[in-house]
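Accompanying notes for the structure given below.
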Amino acid sequence: MRACGTLRGAIRLLFSIVFWTFFAVSSLVFFLGAVVVWAVTTPFDRNGRVLHLYSCFWAQLYMYVNPLWRQRVEGRERLPWKGPAVLVSNHESMGDILVLFGLYRPFKWVSKASNFKLPFIGWNMALNGYVPLVRGDRESVGRMMVHCEKWLERGVPILMFPEGTRSPDGNIKAFKDGAFQLAIKMKCPVIPVVLTGTAKTLPKHGLVLQTTANCHVQVLPPVDPAPFNGDVQALREHVRNLMVSEKARIEALPASAR
């Protein structure tokens, strides 16, 4: 039994070394490509849709080349190619980023400001015009809201993790108000996105990966904020309840059906 555990540990370690080596080398190559895409497309694509779709392929590459990571996306047709919307997703791991890029629709991420300092990945986030946020900093939150409003005014959706941080146990935590305040103020739909299985991709602490992951992305129907009459709390809890229910439904399915 101990020998089997040791062998599994060695395989995970080898798998992780290969993955992170490929990640580092490919990130340099793809960032150079992103600079070219940005320079060529910016004059006619001020909202950066082409660069974002390039970034989608970059992120999805790590799912494509990994035979042990599976991904399934359902409901993608509910996402707009153009027009304001606030996408909200639960958050299980850093792997959520790779998986959500698989939506292949234009949107701007709201992400921790520290992520923008990461070599290649963070620099590409800045090129894309994604929205930085310092958690717990009231001034930063205010700037983030203004930044998001400007993108929504230009007809560009945004994507936020309303839990604010990754869930330690996979259960959907309480939501913060920001995404729902934006939807009400800008009179645009909230589109819930439910993730399962991503916790086994990239760990919160450490660099040793799980060797297998079965990821499912479910896009739910848009929620119109108008019937909530400006009640942020009611809209927030309605959306969260929809997502909790859908996550439970998916997790109750046989593994082969996810």
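Letters A, B, ... mark the chains of the structure tokens in the order given; residue numbers begin at 1 per chain; ligand numbers begin at 1, in order shown.
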
inquiry  = Using only C-alpha atoms, which protein or nucleic acid residues come within 7 Å of stretch 110-126 of chain A? Drop anything in the same chain fewer than 2 positions from it, and give the result as a ChimeraX atom specification.
reply    = /A:27-28,31,34,108,128-134,159-160

message = If you run DSSP on the backbone here, which positions in stretch 39-231 of chain A get strand (DSSP E or B)? Please write them as a PyMOL selection string.
response = chain A and resi 69-74+86-89+108-112+131-133+158-160+190-196+213-219+223

Could those selected residues go to a file with N, CA and C atoms, as a tab-separated table (two decimals), in the first residue's frame?
chain	number	residue	atom	x	y	z
A	69	TRP	N	-6.80	15.94	-18.15
A	69	TRP	CA	-7.76	16.98	-17.78
A	69	TRP	C	-8.85	17.04	-18.84
A	70	ARG	N	-10.07	16.84	-18.42
A	70	ARG	CA	-11.21	16.91	-19.33
A	70	ARG	C	-12.03	18.15	-19.02
A	71	GLN	N	-12.64	18.70	-20.05
A	71	GLN	CA	-13.45	19.90	-19.87
A	71	GLN	C	-14.72	19.81	-20.71
A	72	ARG	N	-15.83	20.21	-20.11
A	72	ARG	CA	-17.10	20.23	-20.82
A	72	ARG	C	-17.77	21.57	-20.55
A	73	VAL	N	-18.19	22.25	-21.62
A	73	VAL	CA	-18.86	23.55	-21.50
A	73	VAL	C	-20.26	23.42	-22.07
A	74	GLU	N	-21.25	23.79	-21.28
A	74	GLU	CA	-22.64	23.76	-21.72
A	74	GLU	C	-23.27	25.14	-21.52
A	86	VAL	N	-23.00	41.06	-16.91
A	86	VAL	CA	-22.13	40.76	-15.78
A	86	VAL	C	-22.14	39.25	-15.58
A	87	LEU	N	-21.02	38.60	-15.90
A	87	LEU	CA	-20.88	37.17	-15.70
A	87	LEU	C	-20.37	36.93	-14.29
A	88	VAL	N	-20.99	36.00	-13.57
A	88	VAL	CA	-20.52	35.67	-12.22
A	88	VAL	C	-20.29	34.17	-12.14
A	89	SER	N	-19.17	33.80	-11.54
A	89	SER	CA	-18.80	32.38	-11.44
A	89	SER	C	-18.34	32.06	-10.03
A	108	LYS	N	-14.17	40.98	-19.93
A	108	LYS	CA	-13.01	41.47	-19.18
A	108	LYS	C	-13.04	40.87	-17.78
A	109	TRP	N	-11.93	40.28	-17.40
A	109	TRP	CA	-11.81	39.73	-16.05
A	109	TRP	C	-11.68	40.84	-15.01
A	110	VAL	N	-12.21	40.61	-13.83
A	110	VAL	CA	-11.83	41.37	-12.64
A	110	VAL	C	-10.92	40.44	-11.84
A	111	SER	N	-9.69	40.90	-11.57
A	111	SER	CA	-8.70	40.02	-10.96
A	111	SER	C	-7.85	40.78	-9.96
A	112	LYS	N	-7.23	40.04	-9.04
A	112	LYS	CA	-6.34	40.65	-8.06
A	112	LYS	C	-5.25	41.46	-8.74
A	131	VAL	N	-9.45	44.15	-15.42
A	131	VAL	CA	-9.69	45.12	-14.34
A	131	VAL	C	-9.03	44.67	-13.04
A	132	PRO	N	-8.05	45.44	-12.54
A	132	PRO	CA	-7.37	45.06	-11.30
A	132	PRO	C	-8.16	45.45	-10.06
A	133	LEU	N	-7.94	44.70	-9.00
A	133	LEU	CA	-8.63	44.95	-7.72
A	133	LEU	C	-7.73	44.54	-6.57
A	158	ILE	N	-18.28	41.83	-18.43
A	158	ILE	CA	-17.22	41.60	-17.44
A	158	ILE	C	-17.49	40.29	-16.72
A	159	LEU	N	-16.44	39.71	-16.15
A	159	LEU	CA	-16.60	38.46	-15.39
A	159	LEU	C	-15.99	38.66	-14.01
A	160	MET	N	-16.78	38.31	-12.99
A	160	MET	CA	-16.35	38.48	-11.61
A	160	MET	C	-16.57	37.19	-10.83
A	190	VAL	N	-27.38	39.61	-15.40
A	190	VAL	CA	-26.38	38.81	-14.71
A	190	VAL	C	-26.45	37.41	-15.32
A	191	ILE	N	-25.29	36.89	-15.71
A	191	ILE	CA	-25.26	35.54	-16.29
A	191	ILE	C	-24.45	34.63	-15.35
A	192	PRO	N	-25.14	33.72	-14.63
A	192	PRO	CA	-24.42	32.83	-13.71
A	192	PRO	C	-23.67	31.74	-14.46
A	193	VAL	N	-22.47	31.45	-14.01
A	193	VAL	CA	-21.64	30.39	-14.58
A	193	VAL	C	-21.20	29.48	-13.44
A	194	VAL	N	-21.51	28.20	-13.54
A	194	VAL	CA	-21.24	27.25	-12.46
A	194	VAL	C	-20.09	26.32	-12.88
A	195	LEU	N	-19.09	26.22	-12.01
A	195	LEU	CA	-17.94	25.35	-12.24
A	195	LEU	C	-17.96	24.18	-11.28
A	196	THR	N	-17.60	23.02	-11.78
A	196	THR	CA	-17.33	21.87	-10.90
A	196	THR	C	-16.08	21.17	-11.42
A	213	ALA	N	-8.50	15.49	-13.72
A	213	ALA	CA	-9.54	16.46	-13.40
A	213	ALA	C	-10.65	16.36	-14.43
A	214	ASN	N	-11.88	16.40	-13.96
A	214	ASN	CA	-13.05	16.34	-14.83
A	214	ASN	C	-13.84	17.63	-14.60
A	215	CYS	N	-13.62	18.62	-15.46
A	215	CYS	CA	-14.17	19.96	-15.25
A	215	CYS	C	-15.45	20.17	-16.06
A	216	HIS	N	-16.41	20.80	-15.43
A	216	HIS	CA	-17.70	21.07	-16.08
A	216	HIS	C	-18.02	22.54	-15.90
A	217	VAL	N	-18.37	23.19	-17.00
A	217	VAL	CA	-18.80	24.59	-16.98
A	217	VAL	C	-20.24	24.65	-17.47
A	218	GLN	N	-21.12	25.18	-16.64
A	218	GLN	CA	-22.53	25.30	-17.01
A	218	GLN	C	-22.94	26.77	-16.97
A	219	VAL	N	-23.31	27.30	-18.14
A	219	VAL	CA	-23.80	28.68	-18.21
A	219	VAL	C	-25.32	28.65	-18.05
A	223	VAL	N	-30.13	36.49	-15.97
A	223	VAL	CA	-31.09	36.98	-14.97
A	223	VAL	C	-31.26	38.48	-15.17

task = For A:Arg105, work out the shell of residues within 12 Å, counting only C-alpha atoms and skipping chain neighbours fewer than 2 positions away, then give it as an MDAnalysis selection string.
result = chainID A and resid 48:57 75:83 85 87 100:103 107:109 156:159

Write the selection just made, keeping N, CA and C atoms, as a compact mmCIF listing (two decimals), in the first residue's frame?
# COMPACT_ATOMS: atom_id res chain seq x y z
N GLY A 48 -10.55 45.19 -27.74
CA GLY A 48 -9.64 44.07 -27.54
C GLY A 48 -10.27 42.69 -27.63
N ARG A 49 -11.31 42.56 -28.46
CA ARG A 49 -11.97 41.25 -28.58
C ARG A 49 -11.04 40.21 -29.20
N VAL A 50 -10.29 40.61 -30.22
CA VAL A 50 -9.39 39.65 -30.89
C VAL A 50 -8.30 39.17 -29.93
N LEU A 51 -7.71 40.10 -29.19
CA LEU A 51 -6.67 39.72 -28.24
C LEU A 51 -7.23 38.81 -27.15
N HIS A 52 -8.45 39.10 -26.70
CA HIS A 52 -9.05 38.25 -25.67
C HIS A 52 -9.26 36.83 -26.20
N LEU A 53 -9.74 36.70 -27.43
CA LEU A 53 -9.94 35.37 -28.00
C LEU A 53 -8.60 34.64 -28.19
N TYR A 54 -7.56 35.39 -28.55
CA TYR A 54 -6.22 34.81 -28.60
C TYR A 54 -5.83 34.30 -27.20
N SER A 55 -6.13 35.09 -26.18
CA SER A 55 -5.81 34.70 -24.81
C SER A 55 -6.61 33.47 -24.39
N CYS A 56 -7.84 33.36 -24.91
CA CYS A 56 -8.65 32.16 -24.64
C CYS A 56 -7.93 30.92 -25.15
N PHE A 57 -7.41 30.99 -26.38
CA PHE A 57 -6.71 29.84 -26.93
C PHE A 57 -5.45 29.54 -26.13
N GLY A 75 -24.11 25.54 -22.46
CA GLY A 75 -24.81 26.81 -22.35
C GLY A 75 -24.04 28.00 -22.88
N ARG A 76 -22.95 27.75 -23.61
CA ARG A 76 -22.14 28.86 -24.14
C ARG A 76 -22.97 29.80 -25.01
N GLU A 77 -23.99 29.28 -25.67
CA GLU A 77 -24.82 30.10 -26.55
C GLU A 77 -25.59 31.18 -25.79
N ARG A 78 -25.64 31.09 -24.48
CA ARG A 78 -26.33 32.11 -23.67
C ARG A 78 -25.48 33.36 -23.43
N LEU A 79 -24.22 33.28 -23.82
CA LEU A 79 -23.32 34.41 -23.61
C LEU A 79 -23.31 35.32 -24.83
N PRO A 80 -23.29 36.63 -24.62
CA PRO A 80 -23.32 37.55 -25.76
C PRO A 80 -21.96 37.69 -26.43
N TRP A 81 -21.97 37.86 -27.75
CA TRP A 81 -20.76 38.27 -28.45
C TRP A 81 -20.56 39.77 -28.29
N LYS A 82 -21.65 40.48 -28.11
CA LYS A 82 -21.57 41.92 -27.98
C LYS A 82 -22.72 42.40 -27.11
N GLY A 83 -22.44 43.37 -26.25
CA GLY A 83 -23.48 43.91 -25.38
C GLY A 83 -23.12 43.70 -23.92
N ALA A 85 -23.05 42.74 -20.04
CA ALA A 85 -23.54 41.67 -19.18
C ALA A 85 -22.53 41.49 -18.06
N LEU A 87 -21.02 38.60 -15.90
CA LEU A 87 -20.88 37.17 -15.70
C LEU A 87 -20.37 36.93 -14.29
N LEU A 100 -12.47 28.84 -17.62
CA LEU A 100 -13.42 29.88 -18.03
C LEU A 100 -13.01 30.56 -19.32
N PHE A 101 -11.73 30.57 -19.63
CA PHE A 101 -11.33 31.06 -20.94
C PHE A 101 -11.94 30.19 -22.05
N GLY A 102 -12.32 28.96 -21.71
CA GLY A 102 -12.96 28.07 -22.66
C GLY A 102 -14.36 28.50 -23.04
N LEU A 103 -14.88 29.58 -22.44
CA LEU A 103 -16.16 30.13 -22.87
C LEU A 103 -16.04 30.73 -24.26
N PHE A 107 -15.02 39.10 -22.90
CA PHE A 107 -15.33 39.68 -21.59
C PHE A 107 -14.03 40.17 -20.97
N LYS A 108 -14.17 40.98 -19.93
CA LYS A 108 -13.01 41.47 -19.18
C LYS A 108 -13.04 40.87 -17.78
N TRP A 109 -11.93 40.28 -17.40
CA TRP A 109 -11.81 39.73 -16.05
C TRP A 109 -11.68 40.84 -15.01
N VAL A 156 -19.08 45.77 -23.51
CA VAL A 156 -18.17 44.65 -23.24
C VAL A 156 -18.55 44.01 -21.91
N PRO A 157 -18.88 42.71 -21.90
CA PRO A 157 -19.21 42.04 -20.64
C PRO A 157 -18.00 41.98 -19.70
N ILE A 158 -18.28 41.83 -18.43
CA ILE A 158 -17.22 41.60 -17.44
C ILE A 158 -17.49 40.29 -16.72
N LEU A 159 -16.44 39.71 -16.15
CA LEU A 159 -16.60 38.46 -15.39
C LEU A 159 -15.99 38.66 -14.01

task = Give the alpha helix (DSSP H) residues of stretch 93-157 of chain A, as DSSP finds them on the backbone, and put them as a PyMOL selection string.
result = chain A and resi 95-100+121-128+138-153

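Atom pair atom CA of A:Trp151 / atom CA of A:Lys185 has a distance of 13.4 Å (rounded to one decimal).
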
remark   = Expressed in Å, the length from atom CA of A:Met94 to atom CA of A:Thr165 is 10.3 Å

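Proximity of A:Leu14, A:Met145, A:Val65, A:Ala59 to A:Tyr104, computed with only C-alpha atoms, is greatest for A:Ala59.
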
request  = Within 9 Å of A:Ala174, counting only C-alpha atoms, which residues show up once you throw out same-chain ones fewer than 6 positions away? Write them as a ChimeraX atom specification, please.
outcome  = /A:162-164,237,240

Dump as a PDB file, in the first residue's frame, selection limited to N, CA, C and O atoms:
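Saved the output as selection-v5.pdb:
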ATOM      1  N   PRO A 162     -17.921  36.513  -7.423  1.00  0.00           N
ATOM      2  CA  PRO A 162     -18.569  37.251  -6.328  1.00  0.00           C
ATOM      3  C   PRO A 162     -18.247  36.731  -4.932  1.00  0.00           C
ATOM      4  O   PRO A 162     -18.522  37.417  -3.948  1.00  0.00           O
ATOM      5  N   GLU A 163     -17.655  35.530  -4.845  1.00  0.00           N
ATOM      6  CA  GLU A 163     -17.207  35.059  -3.529  1.00  0.00           C
ATOM      7  C   GLU A 163     -16.004  35.870  -3.034  1.00  0.00           C
ATOM      8  O   GLU A 163     -15.714  35.882  -1.842  1.00  0.00           O
ATOM      9  N   GLY A 164     -15.290  36.484  -3.969  1.00  0.00           N
ATOM     10  CA  GLY A 164     -14.151  37.315  -3.604  1.00  0.00           C
ATOM     11  C   GLY A 164     -12.834  36.576  -3.524  1.00  0.00           C
ATOM     12  O   GLY A 164     -11.775  37.155  -3.713  1.00  0.00           O
ATOM     13  N   GLU A 237     -28.856  37.077  -3.738  1.00  0.00           N
ATOM     14  CA  GLU A 237     -29.234  35.789  -3.167  1.00  0.00           C
ATOM     15  C   GLU A 237     -29.969  34.913  -4.175  1.00  0.00           C
ATOM     16  O   GLU A 237     -29.822  33.686  -4.159  1.00  0.00           O
ATOM     17  N   ARG A 240     -27.205  33.461  -6.354  1.00  0.00           N
ATOM     18  CA  ARG A 240     -26.429  32.473  -5.593  1.00  0.00           C
ATOM     19  C   ARG A 240     -27.226  31.178  -5.415  1.00  0.00           C
ATOM     20  O   ARG A 240     -26.673  30.076  -5.579  1.00  0.00           O
TER      21      ARG A 240
END

remark   = A:Val35 proximity check over A:Lys173, A:Thr201, A:Leu127, A:Asn47, using only C-alpha atoms: winner is A:Leu127

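For the atom pair formed by atom CA of A:Gly170 and atom CA of A:Ala248, the distance is 11.0 Å, given to one decimal.
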
query = Using only C-alpha atoms, which of the listed residues (A:Phe180, A:Phe161, A:Trp38, A:Tyr62) sits closest to A:Leu202?
reply = A:Tyr62
